[in-house]
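Student: So here's protein.txt (compact mmCIF, N, CA and C atoms).
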# COMPACT_ATOMS: atom_id res chain seq x y z
N MET A 1 -1.95 154.10 134.18
CA MET A 1 -1.09 154.29 133.03
C MET A 1 -0.89 152.96 132.34
N ILE A 2 -1.01 152.95 131.05
CA ILE A 2 -0.86 151.74 130.27
C ILE A 2 0.60 151.31 130.24
N GLY A 3 1.50 152.25 129.95
CA GLY A 3 2.93 151.92 129.87
C GLY A 3 3.55 151.76 131.24
N LYS A 4 4.73 151.18 131.27
CA LYS A 4 5.42 150.97 132.54
C LYS A 4 6.66 151.84 132.64
N ASN A 5 6.76 152.86 131.83
CA ASN A 5 7.92 153.74 131.83
C ASN A 5 7.85 154.65 133.05
N LYS A 6 8.79 154.49 133.97
CA LYS A 6 8.77 155.26 135.23
C LYS A 6 8.90 156.75 134.98
N LYS A 7 9.71 157.12 133.98
CA LYS A 7 9.90 158.53 133.67
C LYS A 7 8.56 159.16 133.26
N ALA A 8 7.81 158.47 132.42
CA ALA A 8 6.51 158.99 131.97
C ALA A 8 5.52 159.02 133.12
N ASN A 9 5.57 158.03 134.01
CA ASN A 9 4.62 157.97 135.11
C ASN A 9 4.84 159.08 136.13
N LYS A 10 6.05 159.63 136.23
CA LYS A 10 6.33 160.72 137.18
C LYS A 10 5.79 162.05 136.68
N PHE A 11 5.69 162.21 135.38
CA PHE A 11 5.24 163.46 134.79
C PHE A 11 3.73 163.60 134.95
N GLN A 12 3.29 164.79 135.30
CA GLN A 12 1.86 165.05 135.47
C GLN A 12 1.41 166.00 134.36
N TRP A 13 0.53 165.54 133.48
CA TRP A 13 0.02 166.37 132.39
C TRP A 13 -0.87 167.45 132.98
N SER A 14 -0.62 168.71 132.64
CA SER A 14 -1.40 169.80 133.24
C SER A 14 -2.17 170.64 132.22
N ARG A 15 -2.00 170.35 130.96
CA ARG A 15 -2.70 171.13 129.93
C ARG A 15 -4.16 170.70 129.81
N LYS A 16 -5.02 171.68 129.58
CA LYS A 16 -6.42 171.37 129.32
C LYS A 16 -6.63 171.09 127.83
N HIS A 17 -5.84 171.77 126.99
CA HIS A 17 -6.00 171.65 125.54
C HIS A 17 -4.70 171.18 124.90
N LEU A 18 -4.84 170.34 123.90
CA LEU A 18 -3.70 169.92 123.09
C LEU A 18 -4.02 170.35 121.66
N ILE A 19 -3.40 171.45 121.24
CA ILE A 19 -3.71 172.05 119.95
C ILE A 19 -2.70 171.62 118.89
N GLY A 20 -1.46 171.54 119.25
CA GLY A 20 -0.41 171.17 118.31
C GLY A 20 0.89 170.93 119.05
N LEU A 21 1.91 170.59 118.30
CA LEU A 21 3.20 170.27 118.92
C LEU A 21 4.06 171.49 119.22
N SER A 22 3.87 172.57 118.50
CA SER A 22 4.78 173.71 118.61
C SER A 22 4.81 174.34 120.01
N ASP A 23 3.73 174.23 120.76
CA ASP A 23 3.67 174.83 122.10
C ASP A 23 4.11 173.87 123.20
N LEU A 24 4.41 172.63 122.85
CA LEU A 24 4.75 171.64 123.86
C LEU A 24 6.21 171.70 124.26
N SER A 25 6.46 171.40 125.51
CA SER A 25 7.84 171.30 126.00
C SER A 25 8.42 169.95 125.60
N ARG A 26 9.72 169.84 125.70
CA ARG A 26 10.37 168.56 125.42
C ARG A 26 9.82 167.47 126.34
N GLN A 27 9.62 167.81 127.60
CA GLN A 27 9.11 166.84 128.58
C GLN A 27 7.71 166.36 128.19
N GLU A 28 6.88 167.26 127.71
CA GLU A 28 5.52 166.89 127.29
C GLU A 28 5.55 165.97 126.07
N ILE A 29 6.41 166.29 125.12
CA ILE A 29 6.53 165.45 123.92
C ILE A 29 7.05 164.06 124.29
N GLU A 30 8.05 164.01 125.17
CA GLU A 30 8.57 162.71 125.62
C GLU A 30 7.49 161.91 126.35
N PHE A 31 6.68 162.60 127.13
CA PHE A 31 5.58 161.93 127.83
C PHE A 31 4.60 161.30 126.83
N ILE A 32 4.25 162.06 125.79
CA ILE A 32 3.33 161.55 124.77
C ILE A 32 3.93 160.32 124.08
N LEU A 33 5.20 160.41 123.70
CA LEU A 33 5.85 159.29 123.02
C LEU A 33 5.99 158.07 123.92
N ASP A 34 6.34 158.29 125.18
CA ASP A 34 6.45 157.18 126.14
C ASP A 34 5.09 156.51 126.36
N THR A 35 4.05 157.33 126.45
CA THR A 35 2.70 156.79 126.63
C THR A 35 2.28 156.00 125.39
N ALA A 36 2.62 156.52 124.21
CA ALA A 36 2.29 155.82 122.96
C ALA A 36 2.94 154.45 122.90
N GLN A 37 4.16 154.34 123.39
CA GLN A 37 4.83 153.03 123.42
C GLN A 37 4.04 152.04 124.26
N GLY A 38 3.53 152.50 125.37
CA GLY A 38 2.71 151.63 126.22
C GLY A 38 1.45 151.17 125.50
N PHE A 39 0.84 152.07 124.73
CA PHE A 39 -0.37 151.70 124.00
C PHE A 39 -0.07 150.76 122.84
N GLU A 40 1.12 150.86 122.28
CA GLU A 40 1.49 149.93 121.21
C GLU A 40 1.47 148.50 121.75
N LYS A 41 2.03 148.29 122.92
CA LYS A 41 2.01 146.96 123.55
C LYS A 41 0.57 146.57 123.90
N PHE A 42 -0.17 147.51 124.40
CA PHE A 42 -1.57 147.30 124.79
C PHE A 42 -2.39 146.82 123.59
N SER A 43 -2.13 147.38 122.41
CA SER A 43 -2.93 147.05 121.22
C SER A 43 -2.68 145.63 120.72
N ARG A 44 -1.64 144.98 121.22
CA ARG A 44 -1.36 143.60 120.83
C ARG A 44 -2.00 142.58 121.78
N ARG A 45 -2.63 143.06 122.84
CA ARG A 45 -3.27 142.15 123.79
C ARG A 45 -4.56 141.58 123.19
N SER A 46 -5.02 140.49 123.75
CA SER A 46 -6.27 139.91 123.24
C SER A 46 -7.47 140.79 123.62
N ILE A 47 -7.44 141.41 124.79
CA ILE A 47 -8.49 142.34 125.19
C ILE A 47 -7.91 143.75 125.13
N LYS A 48 -8.44 144.53 124.21
CA LYS A 48 -7.88 145.86 123.94
C LYS A 48 -8.76 146.95 124.54
N LYS A 49 -9.07 146.83 125.80
CA LYS A 49 -9.94 147.79 126.47
C LYS A 49 -9.32 148.20 127.79
N ALA A 50 -9.27 149.50 128.05
CA ALA A 50 -8.77 150.03 129.32
C ALA A 50 -9.84 150.99 129.87
N PRO A 51 -9.96 151.11 131.17
CA PRO A 51 -11.00 151.95 131.76
C PRO A 51 -10.62 153.43 131.87
N THR A 52 -9.57 153.84 131.20
CA THR A 52 -9.02 155.19 131.36
C THR A 52 -10.05 156.31 131.18
N LEU A 53 -10.91 156.21 130.19
CA LEU A 53 -11.91 157.26 129.93
C LEU A 53 -13.34 156.80 130.20
N ARG A 54 -13.48 155.79 131.03
CA ARG A 54 -14.82 155.30 131.37
C ARG A 54 -15.62 156.44 131.98
N GLY A 55 -16.84 156.61 131.48
CA GLY A 55 -17.71 157.68 131.98
C GLY A 55 -17.50 159.02 131.30
N LYS A 56 -16.55 159.10 130.38
CA LYS A 56 -16.29 160.35 129.65
C LYS A 56 -16.93 160.27 128.27
N VAL A 57 -17.29 161.44 127.74
CA VAL A 57 -17.87 161.53 126.40
C VAL A 57 -16.90 162.28 125.50
N VAL A 58 -16.58 161.65 124.37
CA VAL A 58 -15.69 162.23 123.37
C VAL A 58 -16.52 162.51 122.12
N VAL A 59 -16.39 163.71 121.57
CA VAL A 59 -17.05 164.01 120.31
C VAL A 59 -15.98 164.25 119.25
N ASN A 60 -16.12 163.57 118.13
CA ASN A 60 -15.24 163.75 116.99
C ASN A 60 -15.93 164.68 116.01
N MET A 61 -15.41 165.91 115.89
CA MET A 61 -15.99 166.91 114.99
C MET A 61 -15.10 167.01 113.76
N PHE A 62 -15.51 166.36 112.68
CA PHE A 62 -14.72 166.37 111.46
C PHE A 62 -15.46 167.17 110.39
N PHE A 63 -14.97 168.38 110.17
CA PHE A 63 -15.55 169.24 109.15
C PHE A 63 -14.92 168.96 107.79
N GLU A 64 -13.84 168.21 107.79
CA GLU A 64 -13.19 167.72 106.57
C GLU A 64 -13.17 166.21 106.68
N ASP A 65 -13.53 165.54 105.60
CA ASP A 65 -13.54 164.08 105.63
C ASP A 65 -12.12 163.52 105.73
N SER A 66 -11.98 162.54 106.57
CA SER A 66 -10.73 161.81 106.71
C SER A 66 -11.06 160.49 107.41
N THR A 67 -11.31 159.49 106.60
CA THR A 67 -11.71 158.19 107.15
C THR A 67 -10.67 157.64 108.10
N ARG A 68 -9.41 157.69 107.71
CA ARG A 68 -8.34 157.14 108.55
C ARG A 68 -8.25 157.87 109.89
N MET A 69 -8.30 159.20 109.84
CA MET A 69 -8.17 159.98 111.07
C MET A 69 -9.39 159.78 111.98
N ARG A 70 -10.58 159.83 111.40
CA ARG A 70 -11.81 159.64 112.18
C ARG A 70 -11.79 158.26 112.83
N ASN A 71 -11.49 157.24 112.05
CA ASN A 71 -11.47 155.88 112.60
C ASN A 71 -10.40 155.71 113.67
N SER A 72 -9.26 156.34 113.49
CA SER A 72 -8.18 156.25 114.49
C SER A 72 -8.62 156.85 115.82
N PHE A 73 -9.22 158.03 115.79
CA PHE A 73 -9.67 158.67 117.03
C PHE A 73 -10.84 157.93 117.66
N THR A 74 -11.75 157.42 116.82
CA THR A 74 -12.88 156.65 117.34
C THR A 74 -12.40 155.37 118.02
N LEU A 75 -11.50 154.67 117.36
CA LEU A 75 -10.97 153.43 117.93
C LEU A 75 -10.21 153.70 119.23
N ALA A 76 -9.39 154.75 119.24
CA ALA A 76 -8.62 155.08 120.44
C ALA A 76 -9.56 155.39 121.61
N ALA A 77 -10.56 156.22 121.38
CA ALA A 77 -11.50 156.56 122.46
C ALA A 77 -12.28 155.34 122.93
N SER A 78 -12.68 154.50 122.00
CA SER A 78 -13.42 153.28 122.35
C SER A 78 -12.55 152.33 123.17
N ARG A 79 -11.29 152.19 122.78
CA ARG A 79 -10.39 151.31 123.54
C ARG A 79 -10.12 151.84 124.94
N LEU A 80 -10.29 153.14 125.13
CA LEU A 80 -10.12 153.73 126.46
C LEU A 80 -11.46 153.81 127.20
N SER A 81 -12.48 153.15 126.66
CA SER A 81 -13.80 153.00 127.27
C SER A 81 -14.64 154.28 127.29
N ALA A 82 -14.34 155.23 126.41
CA ALA A 82 -15.15 156.46 126.33
C ALA A 82 -16.40 156.20 125.50
N ASP A 83 -17.42 157.01 125.74
CA ASP A 83 -18.59 157.04 124.86
C ASP A 83 -18.24 158.02 123.75
N VAL A 84 -18.43 157.62 122.50
CA VAL A 84 -18.00 158.43 121.36
C VAL A 84 -19.20 158.91 120.56
N ILE A 85 -19.20 160.21 120.27
CA ILE A 85 -20.21 160.81 119.40
C ILE A 85 -19.51 161.23 118.12
N GLU A 86 -20.05 160.79 116.99
CA GLU A 86 -19.50 161.19 115.70
C GLU A 86 -20.30 162.38 115.19
N PHE A 87 -19.70 163.55 115.22
CA PHE A 87 -20.34 164.78 114.77
C PHE A 87 -20.31 164.83 113.25
N SER A 88 -21.43 165.10 112.64
CA SER A 88 -21.51 165.22 111.19
C SER A 88 -21.93 166.63 110.82
N LYS A 89 -21.11 167.31 110.07
CA LYS A 89 -21.42 168.68 109.66
C LYS A 89 -22.74 168.72 108.89
N LYS A 90 -22.94 167.75 108.01
CA LYS A 90 -24.14 167.73 107.17
C LYS A 90 -25.42 167.54 107.99
N ALA A 91 -25.33 166.81 109.09
CA ALA A 91 -26.52 166.53 109.91
C ALA A 91 -26.63 167.45 111.11
N SER A 92 -25.88 168.54 111.12
CA SER A 92 -25.88 169.44 112.28
C SER A 92 -26.42 170.81 111.92
N ALA A 93 -26.59 171.64 112.94
CA ALA A 93 -27.06 173.01 112.72
C ALA A 93 -26.00 173.86 112.03
N VAL A 94 -24.76 173.40 111.98
CA VAL A 94 -23.70 174.13 111.27
C VAL A 94 -24.08 174.27 109.80
N SER A 95 -24.70 173.24 109.25
CA SER A 95 -25.11 173.29 107.84
C SER A 95 -26.21 174.33 107.61
N LYS A 96 -26.85 174.78 108.71
CA LYS A 96 -27.91 175.79 108.62
C LYS A 96 -27.42 177.16 109.07
N GLY A 97 -26.11 177.28 109.34
CA GLY A 97 -25.56 178.58 109.69
C GLY A 97 -25.11 178.75 111.12
N GLU A 98 -25.28 177.75 111.98
CA GLU A 98 -24.81 177.87 113.36
C GLU A 98 -23.28 177.99 113.36
N THR A 99 -22.75 178.85 114.21
CA THR A 99 -21.31 179.04 114.26
C THR A 99 -20.62 177.88 114.96
N LEU A 100 -19.34 177.75 114.70
CA LEU A 100 -18.54 176.72 115.34
C LEU A 100 -18.55 176.88 116.86
N ILE A 101 -18.44 178.12 117.32
CA ILE A 101 -18.44 178.38 118.76
C ILE A 101 -19.78 178.01 119.39
N ASP A 102 -20.89 178.36 118.73
CA ASP A 102 -22.21 178.00 119.25
C ASP A 102 -22.38 176.48 119.31
N THR A 103 -21.89 175.80 118.29
CA THR A 103 -21.96 174.33 118.28
C THR A 103 -21.17 173.76 119.45
N ALA A 104 -19.97 174.29 119.66
CA ALA A 104 -19.13 173.82 120.76
C ALA A 104 -19.78 174.09 122.12
N ARG A 105 -20.40 175.25 122.26
CA ARG A 105 -21.09 175.57 123.53
C ARG A 105 -22.26 174.63 123.78
N ASN A 106 -22.97 174.29 122.72
CA ASN A 106 -24.08 173.33 122.87
C ASN A 106 -23.56 171.96 123.31
N LEU A 107 -22.46 171.53 122.72
CA LEU A 107 -21.87 170.24 123.10
C LEU A 107 -21.39 170.29 124.55
N GLU A 108 -20.81 171.42 124.95
CA GLU A 108 -20.36 171.58 126.33
C GLU A 108 -21.55 171.49 127.29
N ALA A 109 -22.66 172.13 126.92
CA ALA A 109 -23.86 172.10 127.76
C ALA A 109 -24.42 170.68 127.89
N MET A 110 -24.15 169.85 126.90
CA MET A 110 -24.60 168.45 126.93
C MET A 110 -23.67 167.56 127.74
N GLY A 111 -22.56 168.11 128.21
CA GLY A 111 -21.66 167.34 129.05
C GLY A 111 -20.54 166.62 128.32
N VAL A 112 -20.21 167.07 127.12
CA VAL A 112 -19.09 166.47 126.39
C VAL A 112 -17.80 166.81 127.12
N ASP A 113 -16.95 165.82 127.31
CA ASP A 113 -15.70 166.01 128.05
C ASP A 113 -14.50 166.31 127.16
N ILE A 114 -14.46 165.71 125.98
CA ILE A 114 -13.30 165.84 125.10
C ILE A 114 -13.80 166.10 123.68
N VAL A 115 -13.18 167.07 123.01
CA VAL A 115 -13.51 167.39 121.63
C VAL A 115 -12.28 167.15 120.76
N VAL A 116 -12.47 166.38 119.71
CA VAL A 116 -11.45 166.18 118.69
C VAL A 116 -11.98 166.90 117.46
N ILE A 117 -11.18 167.80 116.88
CA ILE A 117 -11.68 168.58 115.75
C ILE A 117 -10.70 168.55 114.59
N ARG A 118 -11.27 168.44 113.40
CA ARG A 118 -10.53 168.60 112.15
C ARG A 118 -11.34 169.59 111.33
N HIS A 119 -10.73 170.73 111.05
CA HIS A 119 -11.45 171.82 110.39
C HIS A 119 -10.54 172.46 109.36
N SER A 120 -11.12 172.90 108.25
CA SER A 120 -10.32 173.51 107.18
C SER A 120 -9.82 174.91 107.55
N ALA A 121 -10.50 175.58 108.46
CA ALA A 121 -10.08 176.93 108.86
C ALA A 121 -8.90 176.83 109.83
N GLY A 122 -7.79 177.41 109.42
CA GLY A 122 -6.63 177.43 110.31
C GLY A 122 -6.98 178.17 111.60
N GLY A 123 -6.61 177.60 112.72
CA GLY A 123 -6.87 178.24 114.00
C GLY A 123 -8.20 177.86 114.63
N ALA A 124 -9.00 177.02 113.98
CA ALA A 124 -10.29 176.63 114.56
C ALA A 124 -10.14 175.95 115.92
N PRO A 125 -9.21 175.01 116.08
CA PRO A 125 -9.05 174.40 117.41
C PRO A 125 -8.65 175.42 118.49
N LYS A 126 -7.76 176.34 118.13
CA LYS A 126 -7.33 177.36 119.10
C LYS A 126 -8.50 178.28 119.46
N LEU A 127 -9.31 178.62 118.47
CA LEU A 127 -10.49 179.45 118.71
C LEU A 127 -11.43 178.76 119.71
N LEU A 128 -11.66 177.48 119.52
CA LEU A 128 -12.53 176.74 120.45
C LEU A 128 -11.93 176.67 121.84
N SER A 129 -10.62 176.54 121.92
CA SER A 129 -9.98 176.43 123.24
C SER A 129 -10.11 177.71 124.05
N ARG A 130 -10.29 178.82 123.38
CA ARG A 130 -10.40 180.11 124.07
C ARG A 130 -11.83 180.46 124.44
N SER A 131 -12.80 179.78 123.84
CA SER A 131 -14.21 180.15 124.09
C SER A 131 -14.84 179.31 125.17
Could you write out this file's structure as structure tokens?
Tutor:
Amino acid sequence: MIGKNKKANKFQWSRKHLIGLSDLSRQEIEFILDTAQGFEKFSRRSIKKAPTLRGKVVVNMFFEDSTRMRNSFTLAASRLSADVIEFSKKASAVSKGETLIDTARNLEAMGVDIVVIRHSAGGAPKLLSRS
């Protein structure tokens, strides 16, 4: 754990998917905020790298452009030592008609561990979490 907050360190995250805030408990939200405080201090260090996600593959699937959001997630995953794949709708089979679910299944078959998605269709992240 990056932060030194004992309350946050006692909590054990058990969710497989993080879709939004509305389904989270107060304890889960406090855990996220406490963890974020630890990362704020971490980001001021001269070496901004932690082994937390070493050996994990993160794919950023942005179906809507957002430079700030894409860069934020890429930087966060990189600082946690993950391997990051930048998914491009234009350069993928989605542009040829492949469904979102088929794309996600292909990524899963390739061993992707974490998917970050930004999609114009409401409910797209929830749909992926169920498939």
Student: Would you please work out which residue, of A:Val59, A:Leu100, A:Val94, A:Ala82, is nearest to Ile117 in chain A when using all atoms listed in the file?
Tutor: A:Val59
Student: List as number ranges by chain the protein and nucleic acid residues near range 61-77 of chain A, meaning an atom at most 5 Å away when all atoms listed in the file are counted, but skip any in the same chain fewer than 2 places from it.
Tutor: A: 59, 79-82, 87, 116-119
Student: Give me, as an MDAnalysis selection string, the residues of range 77-129 of chain A that a backbone DSSP run labels alpha helix (DSSP H).
Tutor: chainID A and resid 77:79 100:109 124:129
Student: For N, CA and C atoms, I'd like the residues from the last selection saved as a PDB file, in the coordinates of the input.
Tutor:
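Generated output (again.pdb):
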ATOM      1  N   ALA A  77     -10.560 156.220 121.380  1.00  0.00           N
ATOM      2  CA  ALA A  77     -11.500 156.560 122.460  1.00  0.00           C
ATOM      3  C   ALA A  77     -12.280 155.340 122.930  1.00  0.00           C
ATOM      4  N   SER A  78     -12.680 154.500 122.000  1.00  0.00           N
ATOM      5  CA  SER A  78     -13.420 153.280 122.350  1.00  0.00           C
ATOM      6  C   SER A  78     -12.550 152.330 123.170  1.00  0.00           C
ATOM      7  N   ARG A  79     -11.290 152.190 122.780  1.00  0.00           N
ATOM      8  CA  ARG A  79     -10.390 151.310 123.540  1.00  0.00           C
ATOM      9  C   ARG A  79     -10.120 151.840 124.940  1.00  0.00           C
ATOM     10  N   LEU A 100     -19.340 177.750 114.700  1.00  0.00           N
ATOM     11  CA  LEU A 100     -18.540 176.720 115.340  1.00  0.00           C
ATOM     12  C   LEU A 100     -18.550 176.880 116.860  1.00  0.00           C
ATOM     13  N   ILE A 101     -18.440 178.120 117.320  1.00  0.00           N
ATOM     14  CA  ILE A 101     -18.440 178.380 118.760  1.00  0.00           C
ATOM     15  C   ILE A 101     -19.780 178.010 119.390  1.00  0.00           C
ATOM     16  N   ASP A 102     -20.890 178.360 118.730  1.00  0.00           N
ATOM     17  CA  ASP A 102     -22.210 178.000 119.250  1.00  0.00           C
ATOM     18  C   ASP A 102     -22.380 176.480 119.310  1.00  0.00           C
ATOM     19  N   THR A 103     -21.890 175.800 118.290  1.00  0.00           N
ATOM     20  CA  THR A 103     -21.960 174.330 118.280  1.00  0.00           C
ATOM     21  C   THR A 103     -21.170 173.760 119.450  1.00  0.00           C
ATOM     22  N   ALA A 104     -19.970 174.290 119.660  1.00  0.00           N
ATOM     23  CA  ALA A 104     -19.130 173.820 120.760  1.00  0.00           C
ATOM     24  C   ALA A 104     -19.780 174.090 122.120  1.00  0.00           C
ATOM     25  N   ARG A 105     -20.400 175.250 122.260  1.00  0.00           N
ATOM     26  CA  ARG A 105     -21.090 175.570 123.530  1.00  0.00           C
ATOM     27  C   ARG A 105     -22.260 174.630 123.780  1.00  0.00           C
ATOM     28  N   ASN A 106     -22.970 174.290 122.720  1.00  0.00           N
ATOM     29  CA  ASN A 106     -24.080 173.330 122.870  1.00  0.00           C
ATOM     30  C   ASN A 106     -23.560 171.960 123.310  1.00  0.00           C
ATOM     31  N   LEU A 107     -22.460 171.530 122.720  1.00  0.00           N
ATOM     32  CA  LEU A 107     -21.870 170.240 123.100  1.00  0.00           C
ATOM     33  C   LEU A 107     -21.390 170.290 124.550  1.00  0.00           C
ATOM     34  N   GLU A 108     -20.810 171.420 124.950  1.00  0.00           N
ATOM     35  CA  GLU A 108     -20.360 171.580 126.330  1.00  0.00           C
ATOM     36  C   GLU A 108     -21.550 171.490 127.290  1.00  0.00           C
ATOM     37  N   ALA A 109     -22.660 172.130 126.920  1.00  0.00           N
ATOM     38  CA  ALA A 109     -23.860 172.100 127.760  1.00  0.00           C
ATOM     39  C   ALA A 109     -24.420 170.680 127.890  1.00  0.00           C
ATOM     40  N   ALA A 124      -9.000 177.020 113.980  1.00  0.00           N
ATOM     41  CA  ALA A 124     -10.290 176.630 114.560  1.00  0.00           C
ATOM     42  C   ALA A 124     -10.140 175.950 115.920  1.00  0.00           C
ATOM     43  N   PRO A 125      -9.210 175.010 116.080  1.00  0.00           N
ATOM     44  CA  PRO A 125      -9.050 174.400 117.410  1.00  0.00           C
ATOM     45  C   PRO A 125      -8.650 175.420 118.490  1.00  0.00           C
ATOM     46  N   LYS A 126      -7.760 176.340 118.130  1.00  0.00           N
ATOM     47  CA  LYS A 126      -7.330 177.360 119.100  1.00  0.00           C
ATOM     48  C   LYS A 126      -8.500 178.280 119.460  1.00  0.00           C
ATOM     49  N   LEU A 127      -9.310 178.620 118.470  1.00  0.00           N
ATOM     50  CA  LEU A 127     -10.490 179.450 118.710  1.00  0.00           C
ATOM     51  C   LEU A 127     -11.430 178.760 119.710  1.00  0.00           C
ATOM     52  N   LEU A 128     -11.660 177.480 119.520  1.00  0.00           N
ATOM     53  CA  LEU A 128     -12.530 176.740 120.450  1.00  0.00           C
ATOM     54  C   LEU A 128     -11.930 176.670 121.840  1.00  0.00           C
ATOM     55  N   SER A 129     -10.620 176.540 121.920  1.00  0.00           N
ATOM     56  CA  SER A 129      -9.980 176.430 123.240  1.00  0.00           C
ATOM     57  C   SER A 129     -10.110 177.710 124.050  1.00  0.00           C
TER      58      SER A 129
END
Student: One decimal, in Å: what's the spacing between CA of Val57 in chain A and CA of Glu30 in chain A?
Tutor: 26.5 Å
Student: Would you give me, as number ranges by chain, the residues in chain A that DSSP reads as strand (DSSP E)?
Tutor: A: 57-62, 83-88, 114-118
Student: Please identify all polymer residues within 8 Å of Leu128 in chain A, counting only C-alpha atoms, omitting same-chain residues fewer than 3 positions from it, and present them as JSON, numbers by chain.
Tutor: {"A": [100, 101, 104, 124, 125, 131]}
Student: Please indicate the distance in Å from atom N of Gly123 in chain A to atom N of Glu86 in chain A, rounded to one decimal place.
Tutor: 21.9 Å
Student: Would you mind reading off the distance between atom C of Gly55 in chain A and atom N of Arg130 in chain A, one decimal, in Å?
Tutor: 22.5 Å
Student: Which one of A:Phe31, A:Val58, A:Arg26, A:Ile47 sits closest to Trp13 in chain A if you count only C-alpha atoms?
Tutor: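 For Trp13 in chain A, the nearest of the candidates is A:Phe31.
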Student: Which one is closest to Arg54 in chain A: A:Lys16, A:Phe11, A:Met110, A:Asp83? Count all atoms listed in the file.
Tutor: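 Closest to Arg54 in chain A of all the choices is A:Asp83.
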Student: Fewer than 3 positions away in the same chain doesn't count, so skip those; otherwise give me all residues within 7 Å of range 19-21 of chain A, counting all atoms listed in the file, as a PyMOL selection string.
Tutor: chain A and resi 24-25+125-126
